[in-house]
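Participant: Here you go, protein.cif (mmCIF, C-alpha atoms and all ligand atoms):
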data_structure
loop_
_atom_site.label_atom_id
_atom_site.label_comp_id
_atom_site.auth_asym_id
_atom_site.auth_seq_id
_atom_site.Cartn_x
_atom_site.Cartn_y
_atom_site.Cartn_z
CA MET A 1 -19.55 9.94 -11.98
CA LYS A 2 -16.60 12.19 -11.22
CA ILE A 3 -14.83 10.96 -8.12
CA LEU A 4 -12.14 12.87 -6.25
CA VAL A 5 -9.77 10.46 -4.51
CA ILE A 6 -7.85 11.88 -1.55
CA ASN A 7 -4.88 10.26 0.17
CA CYS A 8 -3.89 12.50 3.04
CA GLY A 9 -0.64 12.12 4.99
CA SER A 10 0.69 14.17 7.87
CA SER A 11 2.37 16.73 5.60
CA SER A 12 1.22 15.68 2.14
CA LEU A 13 -1.99 15.18 0.20
CA LYS A 14 -2.20 13.17 -3.03
CA TYR A 15 -5.31 13.42 -5.18
CA GLN A 16 -6.79 12.14 -8.40
CA LEU A 17 -9.99 13.09 -10.15
CA ILE A 18 -11.34 9.98 -11.86
CA ASP A 19 -14.26 9.55 -14.23
CA SER A 20 -15.79 6.34 -12.89
CA GLU A 21 -17.53 5.48 -16.19
CA THR A 22 -14.42 5.61 -18.40
CA GLU A 23 -12.02 4.98 -15.47
CA GLN A 24 -9.79 7.69 -16.90
CA VAL A 25 -7.78 10.05 -14.71
CA MET A 26 -9.01 13.59 -15.43
CA ALA A 27 -6.47 15.31 -13.18
CA LYS A 28 -4.03 14.45 -10.45
CA GLY A 29 -1.56 16.08 -8.15
CA LEU A 30 0.20 16.40 -4.88
CA CYS A 31 0.41 18.92 -2.05
CA GLU A 32 3.68 18.73 -0.16
CA ARG A 33 5.17 20.42 2.88
CA ILE A 34 1.74 21.14 4.41
CA THR A 35 2.19 23.00 7.75
CA ILE A 36 5.78 23.90 6.72
CA ASP A 37 5.34 26.14 3.67
CA GLY A 38 3.44 24.39 0.89
CA CYS A 39 3.85 23.27 -2.71
CA LEU A 40 1.16 22.12 -5.13
CA THR A 41 1.96 20.05 -8.21
CA HIS A 42 -0.99 19.58 -10.53
CA THR A 43 -1.61 17.95 -13.90
CA THR A 44 -4.87 17.99 -15.79
CA THR A 45 -4.81 15.19 -18.36
CA GLY A 46 -3.82 16.64 -21.74
CA LYS A 47 -2.50 19.86 -20.21
CA GLU A 48 0.89 20.84 -18.92
CA LYS A 49 2.03 19.84 -15.43
CA TYR A 50 2.93 22.70 -13.10
CA SER A 51 4.19 23.29 -9.57
CA ARG A 52 3.38 26.28 -7.42
CA ASN A 53 4.60 27.32 -3.98
CA VAL A 54 1.55 28.41 -2.00
CA PRO A 55 1.14 28.81 1.75
CA MET A 56 -0.38 25.69 3.34
CA PRO A 57 -0.49 26.32 7.08
CA ASP A 58 -2.95 23.42 7.41
CA HIS A 59 -4.79 20.77 5.38
CA ASN A 60 -7.78 23.07 4.85
CA ALA A 61 -5.51 25.36 2.86
CA ALA A 62 -4.18 22.40 0.85
CA VAL A 63 -7.69 21.16 -0.01
CA LYS A 64 -8.67 24.72 -0.98
CA TYR A 65 -5.76 24.91 -3.47
CA VAL A 66 -6.58 21.48 -4.86
CA LEU A 67 -10.18 22.53 -5.52
CA GLU A 68 -9.03 25.79 -7.08
CA ALA A 69 -6.60 23.88 -9.31
CA LEU A 70 -9.39 21.55 -10.45
CA VAL A 71 -11.65 24.42 -11.59
CA ASP A 72 -8.98 26.81 -12.91
CA SER A 73 -10.31 28.15 -16.20
CA GLU A 74 -7.03 27.53 -18.03
CA THR A 75 -5.30 24.62 -16.32
CA GLY A 76 -8.22 22.89 -14.56
CA ALA A 77 -10.34 19.86 -15.41
CA LEU A 78 -13.81 21.02 -14.31
CA ALA A 79 -16.06 23.99 -15.04
CA SER A 80 -17.36 23.96 -11.49
CA LEU A 81 -16.94 22.05 -8.23
CA SER A 82 -20.57 20.94 -8.46
CA GLU A 83 -19.37 18.42 -11.06
CA ILE A 84 -17.66 16.40 -8.31
CA ASP A 85 -20.13 13.63 -7.45
CA ALA A 86 -18.27 12.05 -4.53
CA VAL A 87 -14.99 11.99 -2.63
CA GLY A 88 -13.18 8.77 -1.72
CA HIS A 89 -10.75 8.97 1.19
CA ARG A 90 -7.98 6.47 1.75
CA ILE A 91 -7.90 5.58 5.44
CA VAL A 92 -5.00 3.54 6.76
CA HIS A 93 -6.51 1.81 9.79
CA GLY A 94 -10.09 0.67 10.26
CA GLY A 95 -9.31 -1.74 13.10
CA GLU A 96 -11.90 -4.49 13.48
CA LYS A 97 -14.72 -2.05 12.91
CA PHE A 98 -14.51 -1.89 9.13
CA ALA A 99 -14.51 -4.95 6.90
CA THR A 100 -15.71 -2.88 3.94
CA SER A 101 -15.65 0.72 2.75
CA SER A 102 -18.19 3.03 4.39
CA VAL A 103 -20.06 6.18 3.52
CA LEU A 104 -18.72 8.85 5.89
CA THR A 105 -21.08 9.93 8.63
CA GLU A 106 -20.31 11.41 12.05
CA ASP A 107 -20.57 7.88 13.51
CA VAL A 108 -18.07 6.52 10.99
CA ILE A 109 -15.70 9.41 11.70
CA ALA A 110 -15.95 8.68 15.44
CA ALA A 111 -15.18 4.99 14.77
CA ILE A 112 -12.12 5.96 12.68
CA GLU A 113 -11.00 8.24 15.52
CA GLU A 114 -11.16 5.23 17.86
CA CYS A 115 -8.57 3.53 15.64
CA ASN A 116 -6.09 6.45 15.97
CA ASP A 117 -4.27 4.52 18.65
CA LEU A 118 -3.48 1.76 16.13
CA ALA A 119 -2.08 4.12 13.47
CA PRO A 120 -1.01 7.30 15.25
CA LEU A 121 0.98 8.61 12.28
CA HIS A 122 -1.67 7.99 9.65
CA ASN A 123 -5.27 8.04 10.89
CA PRO A 124 -5.21 11.54 12.42
CA ALA A 125 -3.87 12.91 9.12
CA ASN A 126 -6.56 11.02 7.19
CA LEU A 127 -9.21 12.52 9.48
CA ILE A 128 -7.88 16.04 8.97
CA GLY A 129 -8.26 15.49 5.21
CA ILE A 130 -11.85 14.30 5.68
CA ARG A 131 -12.77 17.32 7.83
CA ALA A 132 -11.13 19.73 5.40
CA CYS A 133 -13.05 18.26 2.44
CA MET A 134 -16.34 18.23 4.37
CA LYS A 135 -15.90 21.88 5.24
CA LEU A 136 -15.28 22.94 1.65
CA MET A 137 -17.71 20.47 -0.01
CA PRO A 138 -20.46 20.06 2.60
CA ASP A 139 -23.01 18.57 0.21
CA VAL A 140 -20.80 16.04 -1.55
CA PRO A 141 -21.06 12.42 -0.35
CA MET A 142 -17.79 10.99 0.97
CA VAL A 143 -16.58 7.45 1.40
CA ALA A 144 -13.81 5.98 3.58
CA VAL A 145 -11.80 3.16 1.98
CA PHE A 146 -9.62 1.30 4.47
CA ASP A 147 -6.20 -0.29 3.91
CA THR A 148 -7.09 -2.90 6.52
CA ALA A 149 -10.64 -3.83 5.41
CA PHE A 150 -9.73 -6.49 2.83
CA HIS A 151 -7.86 -8.49 5.49
CA GLN A 152 -10.79 -8.72 7.90
CA THR A 153 -11.58 -12.13 6.38
CA MET A 154 -8.45 -13.69 7.93
CA PRO A 155 -9.29 -16.53 10.33
CA ASP A 156 -8.42 -15.99 13.99
CA LYS A 157 -5.59 -18.53 13.86
CA ALA A 158 -3.89 -16.26 11.28
CA TYR A 159 -4.39 -12.95 13.05
CA ILE A 160 -3.83 -13.76 16.73
CA TYR A 161 -0.32 -13.40 18.12
CA GLY A 162 1.10 -15.86 20.62
CA LEU A 163 0.67 -13.38 23.47
CA PRO A 164 -1.54 -13.33 26.57
CA TYR A 165 -5.06 -13.40 25.11
CA ARG A 166 -6.14 -10.37 27.09
CA TYR A 167 -3.80 -8.18 24.99
CA TYR A 168 -6.18 -8.96 22.17
CA SER A 169 -9.38 -8.54 24.16
CA ASP A 170 -8.22 -5.43 26.05
CA TYR A 171 -6.12 -3.62 23.45
CA LYS A 172 -7.09 -5.25 20.15
CA ILE A 173 -3.47 -6.28 19.56
CA ARG A 174 -3.64 -8.59 16.52
CA LYS A 175 -2.54 -8.77 12.92
CA TYR A 176 -4.56 -6.36 10.75
CA GLY A 177 -2.60 -6.22 7.50
CA PHE A 178 -2.33 -3.25 5.11
CA HIS A 179 -2.24 -2.43 1.37
CA GLY A 180 -5.68 -4.10 1.30
CA THR A 181 -6.98 -1.96 -1.55
CA SER A 182 -4.02 -3.02 -3.68
CA HIS A 183 -4.19 -6.71 -2.73
CA SER A 184 -7.91 -6.73 -3.53
CA PHE A 185 -7.49 -4.90 -6.85
CA VAL A 186 -4.55 -7.03 -8.01
CA SER A 187 -6.07 -10.37 -6.97
CA LYS A 188 -9.30 -9.55 -8.84
CA ARG A 189 -7.37 -8.54 -11.93
CA THR A 190 -5.19 -11.67 -11.72
CA ALA A 191 -8.28 -13.90 -11.60
CA GLU A 192 -9.58 -12.10 -14.71
CA LEU A 193 -6.25 -12.68 -16.44
CA LEU A 194 -6.42 -16.37 -15.51
CA GLY A 195 -9.91 -16.45 -17.04
CA LYS A 196 -11.29 -17.87 -13.80
CA ASP A 197 -13.95 -17.02 -11.26
CA ILE A 198 -11.97 -15.55 -8.35
CA ARG A 199 -13.87 -17.86 -5.98
CA ASP A 200 -12.04 -20.77 -7.62
CA THR A 201 -8.53 -19.32 -7.35
CA LYS A 202 -5.61 -19.38 -4.94
CA ILE A 203 -3.44 -16.32 -5.55
CA ILE A 204 -0.42 -14.87 -3.78
CA VAL A 205 -0.13 -11.12 -4.27
CA CYS A 206 3.35 -9.65 -3.72
CA HIS A 207 2.93 -5.90 -3.25
CA LEU A 208 6.58 -4.86 -3.25
CA GLY A 209 7.18 -1.13 -3.05
CA ASN A 210 8.84 1.13 -0.57
CA GLY A 211 6.52 -0.58 1.89
CA SER A 212 5.99 -4.23 1.00
CA SER A 213 3.50 -6.91 1.93
CA ILE A 214 2.38 -10.29 0.62
CA THR A 215 -1.14 -11.69 0.89
CA ALA A 216 -2.58 -15.16 0.43
CA VAL A 217 -5.90 -14.66 -1.37
CA ASP A 218 -7.98 -17.83 -1.33
CA GLY A 219 -11.24 -17.69 -3.26
CA GLY A 220 -11.03 -13.89 -3.38
CA LYS A 221 -10.55 -13.55 0.38
CA SER A 222 -7.43 -12.57 2.29
CA VAL A 223 -6.55 -15.53 4.50
CA ASP A 224 -3.14 -14.33 5.65
CA THR A 225 -0.86 -11.37 5.09
CA THR A 226 2.61 -10.34 6.15
CA MET A 227 2.05 -6.97 7.81
CA GLY A 228 0.72 -7.02 11.34
CA LEU A 229 -0.63 -4.70 14.01
CA THR A 230 1.38 -2.06 12.15
CA PRO A 231 3.01 -1.86 8.71
CA LEU A 232 6.41 -2.65 10.30
CA ALA A 233 5.93 -6.42 10.21
CA GLY A 234 6.65 -9.06 7.58
CA LEU A 235 9.16 -8.49 4.80
CA PRO A 236 12.23 -6.30 5.20
CA MET A 237 11.32 -3.14 3.23
CA GLY A 238 12.91 0.07 1.97
CA THR A 239 13.69 1.32 5.47
CA ARG A 240 11.57 -0.98 7.68
CA SER A 241 13.02 -4.08 9.30
CA GLY A 242 10.06 -6.41 8.87
CA ASP A 243 9.96 -9.39 11.25
CA ILE A 244 12.79 -9.65 13.73
CA ASP A 245 13.33 -11.50 17.00
CA PRO A 246 11.40 -9.25 19.46
CA ALA A 247 14.21 -9.63 22.03
CA ILE A 248 16.45 -7.54 19.74
CA ILE A 249 14.63 -4.36 20.82
CA GLU A 250 15.72 -4.60 24.46
CA PHE A 251 19.16 -5.83 23.47
CA VAL A 252 19.82 -2.87 21.15
CA ALA A 253 18.28 -0.42 23.63
CA ALA A 254 20.80 -1.57 26.28
CA LYS A 255 23.80 -1.58 23.90
CA GLU A 256 23.06 1.81 22.32
CA ASN A 257 21.58 3.46 25.40
CA MET A 258 18.27 4.05 23.66
CA THR A 259 14.60 3.86 24.65
CA ALA A 260 12.30 1.25 23.11
CA GLU A 261 10.69 4.10 21.20
CA GLN A 262 14.03 5.13 19.72
CA VAL A 263 14.79 1.56 18.68
CA THR A 264 11.36 1.33 17.02
CA THR A 265 12.20 4.47 15.06
CA VAL A 266 15.38 2.76 13.84
CA LEU A 267 13.30 -0.28 12.87
CA ASN A 268 10.96 1.95 10.87
CA LYS A 269 13.35 4.43 9.30
CA GLU A 270 16.91 3.10 9.25
CA SER A 271 16.52 -0.61 8.64
CA GLY A 272 15.42 -2.85 5.77
CA VAL A 273 17.45 -2.71 2.55
CA PHE A 274 18.57 0.81 3.45
CA GLY A 275 20.07 -0.32 6.75
CA LEU A 276 21.57 -3.45 5.24
CA SER A 277 23.12 -1.84 2.17
CA GLY A 278 24.10 1.43 3.81
CA VAL A 279 23.41 2.86 0.35
CA SER A 280 19.70 3.37 -0.32
CA SER A 281 16.12 2.26 0.25
CA ASP A 282 15.55 2.45 -3.52
CA PHE A 283 15.93 -0.77 -5.47
CA ARG A 284 17.25 1.13 -8.50
CA ASP A 285 20.25 2.16 -6.36
CA LEU A 286 20.66 -1.40 -5.06
CA ASN A 287 20.77 -2.72 -8.64
CA LYS A 288 23.38 -0.09 -9.51
CA GLY A 289 25.41 -1.00 -6.42
CA ILE A 290 25.26 -4.70 -7.30
CA ALA A 291 26.44 -3.95 -10.87
CA GLU A 292 29.37 -2.05 -9.37
CA GLY A 293 30.27 -4.97 -7.11
CA ASN A 294 28.95 -3.56 -3.81
CA ASP A 295 28.56 -6.65 -1.64
CA ARG A 296 26.19 -5.09 0.89
CA CYS A 297 23.81 -4.13 -1.92
CA ARG A 298 23.95 -7.77 -3.01
CA LEU A 299 23.23 -8.85 0.55
CA ALA A 300 20.28 -6.44 0.95
CA MET A 301 18.80 -7.66 -2.34
CA GLU A 302 19.23 -11.32 -1.37
CA VAL A 303 17.77 -10.86 2.11
CA PHE A 304 14.71 -9.18 0.62
CA CYS A 305 14.16 -11.78 -2.11
CA TYR A 306 14.78 -14.69 0.27
CA SER A 307 12.04 -13.33 2.50
CA VAL A 308 9.63 -12.97 -0.45
CA LYS A 309 10.38 -16.57 -1.47
CA LYS A 310 9.75 -17.88 2.05
CA TYR A 311 6.33 -16.23 2.14
CA ILE A 312 5.41 -17.59 -1.30
CA GLY A 313 6.22 -21.08 -0.01
CA SER A 314 4.42 -20.61 3.27
CA TYR A 315 1.29 -19.12 1.70
CA ALA A 316 1.10 -21.93 -0.86
CA ALA A 317 1.09 -24.23 2.19
CA VAL A 318 -1.54 -22.09 3.96
CA MET A 319 -3.87 -22.33 0.95
CA GLY A 320 -3.05 -25.96 0.13
CA GLY A 321 -2.28 -25.04 -3.47
CA LEU A 322 -1.52 -22.17 -5.78
CA ASP A 323 -2.84 -20.94 -9.14
CA ALA A 324 -0.96 -17.68 -9.53
CA VAL A 325 1.60 -15.31 -8.08
CA ALA A 326 1.17 -11.61 -8.91
CA PHE A 327 3.94 -9.03 -8.54
CA THR A 328 2.88 -5.43 -8.10
CA ALA A 329 3.90 -1.93 -6.83
CA GLY A 330 7.13 -0.03 -7.57
CA VAL A 331 9.58 -2.90 -7.03
CA GLY A 332 7.28 -5.77 -8.04
CA GLU A 333 6.35 -4.08 -11.31
CA ASN A 334 9.81 -2.83 -12.23
CA ASP A 335 12.55 -5.06 -10.89
CA PRO A 336 13.24 -8.22 -12.93
CA LEU A 337 16.05 -9.27 -10.57
CA VAL A 338 13.71 -9.27 -7.55
CA ARG A 339 11.14 -11.39 -9.40
CA LYS A 340 13.85 -13.78 -10.57
CA LEU A 341 15.52 -14.25 -7.18
CA ALA A 342 12.18 -14.52 -5.35
CA THR A 343 10.94 -17.35 -7.58
CA GLU A 344 14.05 -19.32 -8.54
CA GLY A 345 14.14 -22.82 -7.14
CA LEU A 346 10.34 -22.92 -6.83
CA GLU A 347 9.92 -25.29 -9.80
CA PHE A 348 8.83 -27.96 -7.29
CA LEU A 349 5.80 -25.73 -6.55
CA GLY A 350 5.04 -25.47 -10.28
CA ILE A 351 6.63 -22.04 -10.80
CA LYS A 352 8.77 -21.60 -13.93
CA ILE A 353 9.78 -18.10 -15.00
CA ASP A 354 10.29 -17.06 -18.63
CA GLU A 355 13.56 -15.08 -18.43
CA LYS A 356 12.75 -12.94 -21.46
CA ALA A 357 9.20 -12.02 -20.44
CA ASN A 358 10.52 -11.23 -16.97
CA GLN A 359 12.62 -8.34 -18.34
CA VAL A 360 9.49 -6.22 -18.79
CA ARG A 361 8.92 -3.24 -16.48
CA GLY A 362 5.65 -1.63 -15.42
CA GLU A 363 3.41 -3.58 -17.78
CA GLU A 364 0.73 -6.18 -17.28
CA ILE A 365 2.36 -9.38 -18.51
CA CYS A 366 2.59 -13.11 -17.79
CA ILE A 367 6.21 -13.87 -16.87
CA SER A 368 5.90 -17.65 -16.40
CA THR A 369 6.53 -20.21 -19.15
CA PRO A 370 3.56 -21.80 -20.96
CA ASP A 371 4.21 -25.09 -19.12
CA SER A 372 4.45 -23.45 -15.68
CA LYS A 373 1.64 -24.94 -13.53
CA VAL A 374 1.43 -21.72 -11.54
CA ALA A 375 0.95 -18.55 -13.60
CA VAL A 376 3.19 -15.67 -12.58
CA TRP A 377 2.01 -12.21 -13.58
CA VAL A 378 3.15 -8.63 -13.30
CA VAL A 379 -0.04 -6.69 -12.54
CA PRO A 380 0.34 -2.93 -12.06
CA THR A 381 -1.62 -1.81 -9.04
CA ASN A 382 -3.92 1.20 -9.09
CA GLU A 383 -5.08 2.06 -5.59
CA GLU A 384 -6.70 5.33 -6.65
CA LEU A 385 -8.84 3.57 -9.25
CA ALA A 386 -9.80 0.94 -6.68
CA ILE A 387 -10.85 3.70 -4.26
CA ALA A 388 -12.82 5.45 -7.01
CA ARG A 389 -14.62 2.19 -7.86
CA GLU A 390 -15.53 1.56 -4.21
CA THR A 391 -16.70 5.14 -3.81
CA ALA A 392 -18.84 5.07 -6.95
CA ALA A 393 -20.36 1.75 -5.89
CA LEU A 394 -21.32 3.08 -2.43
CA VAL A 395 -22.81 6.42 -3.43
P1 LIG B 401 5.26 3.27 -1.92
O1 LIG B 401 3.89 3.43 -2.53
O2 LIG B 401 5.34 2.19 -0.88
O3 LIG B 401 5.92 4.55 -1.51
P2 LIG B 401 6.00 2.36 -4.59
O4 LIG B 401 5.12 1.20 -4.78
O5 LIG B 401 5.75 3.59 -5.39
O6 LIG B 401 6.21 2.71 -3.06
O7 LIG B 401 7.52 1.86 -4.90
C1 LIG B 401 8.58 2.73 -4.86
C2 LIG B 401 9.84 1.92 -5.00
O8 LIG B 401 9.83 1.21 -6.23
C3 LIG B 401 11.10 2.74 -5.05
O9 LIG B 401 11.58 3.07 -3.77
C4 LIG B 401 12.05 1.79 -5.76
O10 LIG B 401 12.69 0.96 -4.80
C5 LIG B 401 11.16 0.92 -6.62
N1 LIG B 401 11.31 1.18 -8.06
C6 LIG B 401 10.72 2.12 -8.80
N2 LIG B 401 11.13 2.03 -10.10
C7 LIG B 401 12.02 1.01 -10.15
C8 LIG B 401 12.81 0.41 -11.19
N3 LIG B 401 12.77 0.86 -12.44
N4 LIG B 401 13.61 -0.62 -10.85
C9 LIG B 401 13.67 -1.08 -9.58
N5 LIG B 401 12.94 -0.57 -8.57
C10 LIG B 401 12.14 0.46 -8.84
#
Please rewrite the model in this file as structure tokens.
Ligand code: ADP
Facilitator:
Amino acid sequence: MKILVINCGSSSLKYQLIDSETEQVMAKGLCERITIDGCLTHTTTGKEKYSRNVPMPDHNAAVKYVLEALVDSETGALASLSEIDAVGHRIVHGGEKFATSSVLTEDVIAAIEECNDLAPLHNPANLIGIRACMKLMPDVPMVAVFDTAFHQTMPDKAYIYGLPYRYYSDYKIRKYGFHGTSHSFVSKRTAELLGKDIRDTKIIVCHLGNGSSITAVDGGKSVDTTMGLTPLAGLPMGTRSGDIDPAIIEFVAAKENMTAEQVTTVLNKESGVFGLSGVSSDFRDLNKGIAEGNDRCRLAMEVFCYSVKKYIGSYAAVMGGLDAVAFTAGVGENDPLVRKLATEGLEFLGIKIDEKANQVRGEEICISTPDSKVAVWVVPTNEELAIARETAALV
């Protein structure tokens, strides 16, 4: 089957056309600056990549250009749009309604709309993408794949906050967790690499990218994860603070004469390793800063890795054991220093890193020593492929 995977943001739209039998990417691209002006970058596998400025007043226009790019007689990947068998949409928040992916119907769309409150920046954009695709491909089946679904197996003791219980019953305030498609994909692949049935494994997946989260996957199920009601919680990230003392919000608001909303914006956009280093949210820049002797880059790096290490320890405790740790996403796949600092001193847990293997970037590789009780792997994530697999399975 040929599956079009759509990941729609408020002003961007990423897409991949995937052949679900061979699992090869046939074409991929990105629409940027939707509602501002519009730019499409498209690559059909085996053909040259190109960028084109085209007016995208709304997401309908963006989807229209994507479909045109896919069937372009010279640069496209398909002879006709009728070759697209299904569309898989990445949806950020499925609340408690979705523990699995779902074929999109009007009822499912209404249920996603009900979760808008929980992800006001993401879900409305995802819905616009769905509507735009439905309008232009009315007869093609579509599937919603949720970032939160994989974590719906967490027990209540892991997802309830220590707040008045009615905040949960009235407003559904609880931990949901994100990056679920990636945590699911990487934990499955790690179990395969261990040569074990996933039901017999205890795996910690460290998805470390611009946004970062760690999940304890026990027997193939998420039992705890670091992100919360929103993707602001857990680890310090590129620009997000991660967990802080909640009293800081009021304290900063008073000191800086800001509203709670303004402080939250700082926590989302000006904090994390960017805020700490004052240099960058990108770990390549932090590494460069450290090499040049910048002490705040060193501090940002150490704060991040210390937090990763604490979660590895705590999730080993949560699961009562550990078979493997998997590092994935932009930082996890490419930064040997992060992997080293996050795992050093964990020999007591059975984790021993092979320094040489750990130098690898972006490749699937075991980076623990042969006598390490816990296997440590770099496992590149592939959220688009995971969405394509889910979509193919459901239609
Ligand atoms: P997201 O999907 O959350 O936007 P990614 O998983 O693509 O993020 O990760 C992007 C991040 O990966 C970059 O911001 C950068 O910090 C990090 N990264 C990418 N390449 C490297 C590298 N070679 N060395 C260190 N960090 C890298």
Participant: May I have the residues at most 6 Å from (0.9, -4.2, -8.5) in the file's coordinates, counting all atoms listed in the file, as a list in words?
Facilitator: His207, Phe327, Thr328, Ala329, Val379, Pro380 and Thr381 of chain A
Participant: Using all atoms listed in the file, find the one residue out of A:Phe274, A:Phe185, A:Tyr176, A:Tyr171 that sits nearest to A:Leu229.
Facilitator: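 So, comparing all the options, the nearest one is A:Tyr176.
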Participant: Tell me which of A:Ala62, A:Leu127, A:Leu232, A:Ala77 sits closest to A:Lys47, counting only C-alpha atoms.
Facilitator: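 Checking each candidate against A:Lys47, we get A:Ala77 as the closest.
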Participant: Would you compute the box with edges along x, y and z of the file around ligand LIG 401 (chain B), including every atom the file lists for it and 5 Å extra on each side, and give its centre and edge lengths in Å to one decimal, as JSON?
Facilitator:
{"center_x": 8.8, "center_y": 1.7, "center_z": -6.7, "size_x": 19.8, "size_y": 15.6, "size_z": 21.6}
Participant: Find the residues around A:Tyr161 up to 8 Å (all atoms listed in the file counted), leave out those fewer than 6 positions away in its own chain, and share them as a PyMOL selection string.
Facilitator: chain A and resi 173-175
Participant: Have a look at A:Pro336, A:Gly220, A:Gly195, A:Gly88 and name the one nearest to A:Lys2; count all atoms listed in the file.
Facilitator: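 Under the stated criterion, the closest residue is A:Gly88.
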Participant: For each of A:Cys206, A:Ile351, A:Ala61, A:Ala317, take the minimum atom-to-atom distance to ligand LIG 401 (chain B), counting all atoms listed in the file, then give the residue where this is smallest.
Facilitator: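 Closest to ligand LIG 401 (chain B), using all atoms listed in the file: A:Cys206.
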Participant: Would you compute the distance between atom CA of A:Glu106 and atom CA of A:Tyr15? Give it in Å to one decimal.
Facilitator: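 Straight-line distance from atom CA of A:Glu106 to atom CA of A:Tyr15 works out to 22.9 Å.
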Participant: Listing only residues of chain A within 12 Å of ligand LIG 401 (chain B), what is the closest atom pair and its distance in Å (to one decimal) for each, using only C-alpha atoms and all ligand atoms, sorted by chain and residue number ascending, as CSV?
Facilitator:
residue,atom,partner,partner_atom,distance
A:Asn7,CA,B:LIG401,O1,11.4
A:Gly9,CA,B:LIG401,O3,11.9
A:Lys14,CA,B:LIG401,O1,11.5
A:Phe178,CA,B:LIG401,O2,11.1
A:His179,CA,B:LIG401,O2,9.2
A:Ser182,CA,B:LIG401,O4,10.1
A:Cys206,CA,B:LIG401,O4,11.0
A:His207,CA,B:LIG401,O4,7.6
A:Leu208,CA,B:LIG401,O4,6.4
A:Gly209,CA,B:LIG401,O7,3.5
A:Asn210,CA,B:LIG401,O2,3.7
A:Gly211,CA,B:LIG401,O2,4.1
A:Ser212,CA,B:LIG401,O2,6.7
A:Ser213,CA,B:LIG401,O2,9.7
A:Pro231,CA,B:LIG401,O2,10.7
A:Met237,CA,B:LIG401,O2,9.0
A:Gly238,CA,B:LIG401,O9,6.6
A:Thr239,CA,B:LIG401,O9,9.6
A:Arg240,CA,B:LIG401,O2,11.1
A:Gly272,CA,B:LIG401,O10,11.6
A:Val273,CA,B:LIG401,O10,9.5
A:Phe274,CA,B:LIG401,O10,10.1
A:Ser280,CA,B:LIG401,O10,8.7
A:Ser281,CA,B:LIG401,O9,6.1
A:Asp282,CA,B:LIG401,O10,3.5
A:Phe283,CA,B:LIG401,O10,3.7
A:Arg284,CA,B:LIG401,C9,4.3
A:Asp285,CA,B:LIG401,O10,7.8
A:Leu286,CA,B:LIG401,O10,8.3
A:Asn287,CA,B:LIG401,C9,7.3
A:Lys288,CA,B:LIG401,C9,9.8
A:Met301,CA,B:LIG401,O10,10.8
A:Phe304,CA,B:LIG401,O10,11.7
A:Phe327,CA,B:LIG401,O4,11.0
A:Thr328,CA,B:LIG401,O4,7.7
A:Ala329,CA,B:LIG401,O4,3.9
A:Gly330,CA,B:LIG401,O8,3.3
A:Val331,CA,B:LIG401,C5,4.2
A:Gly332,CA,B:LIG401,O8,7.6
A:Glu333,CA,B:LIG401,C7,7.7
A:Asn334,CA,B:LIG401,C8,4.5
A:Asp335,CA,B:LIG401,C9,4.3
A:Pro336,CA,B:LIG401,N4,7.9
A:Leu337,CA,B:LIG401,C9,8.6
A:Val338,CA,B:LIG401,C9,8.4
A:Arg339,CA,B:LIG401,C9,10.6
A:Gln359,CA,B:LIG401,N4,10.8
A:Val360,CA,B:LIG401,N3,10.1
A:Arg361,CA,B:LIG401,N3,6.9
A:Gly362,CA,B:LIG401,N3,8.1
A:Glu363,CA,B:LIG401,N3,11.7
A:Pro380,CA,B:LIG401,O4,9.6
A:Thr381,CA,B:LIG401,O4,8.5
A:Asn382,CA,B:LIG401,O4,10.0
A:Glu383,CA,B:LIG401,O1,9.6
A:Glu384,CA,B:LIG401,O1,11.5
Participant: To one decimal place, how far is atom CA of A:Val92 from atom CA of A:Phe150 in Å?
Facilitator: 11.8 Å
Participant: Which residue, A:Glu113, A:Glu347, A:Glu192, A:Asp218, has the smallest gap to A:Gly320 when you use only C-alpha atoms?
Facilitator: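 Of the candidates, the smallest distance to A:Gly320 is held by A:Asp218.
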Participant: Would you compute the distance between atom CA of A:Thr201 and atom CA of A:Gly219? Give it in Å to one decimal.
Facilitator: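 Distance reported for this atom pair: 5.2 Å.
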Participant: Counting only C-alpha atoms, note down every residue that has an atom within 12 Å of the point (14.7, -14.1, 4.4) (file coordinates), as a list in words.
Facilitator: Gly234, Leu235, Pro236, Met237, Ser241, Gly242, Asp243, Ile244, Gly272, Val273, Leu299, Ala300, Met301, Glu302, Val303, Phe304, Cys305, Tyr306, Ser307, Val308, Lys309, Lys310, Tyr311, Ile312, Gly313, Leu341 and Ala342 of chain A
Participant: Within 6 Å of A:Leu40, counting all atoms listed in the file, which residues show up once you throw out same-chain ones fewer than 5 positions away? Write them as a tab-separated table (two decimals) with C-alpha atoms, in the frame of the given file, please.
Facilitator:
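Output (selection-v3.tsv):
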chain	number	residue	atom	x	y	z
A	30	LEU	CA	0.20	16.40	-4.88
A	31	CYS	CA	0.41	18.92	-2.05
A	51	SER	CA	4.19	23.29	-9.57
A	52	ARG	CA	3.38	26.28	-7.42
Participant: Return the single residue from A:Leu4, A:Ile198, A:Ala119, A:Leu193 that is closest to A:Asp147, with distances computed using only C-alpha atoms.
Facilitator: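 Of A:Leu4, A:Ile198, A:Ala119, A:Leu193, the one nearest A:Asp147 is A:Ala119, counting only C-alpha atoms.
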Participant: Which residues come within 12 Å of stretch 371-375 of chain A, counting only C-alpha atoms, excluding same-chain residues fewer than 6 positions away, as a PyMOL selection string?
Facilitator: chain A and resi 190-191+193-195+201-205+312+316+321-327+343+346-354+365
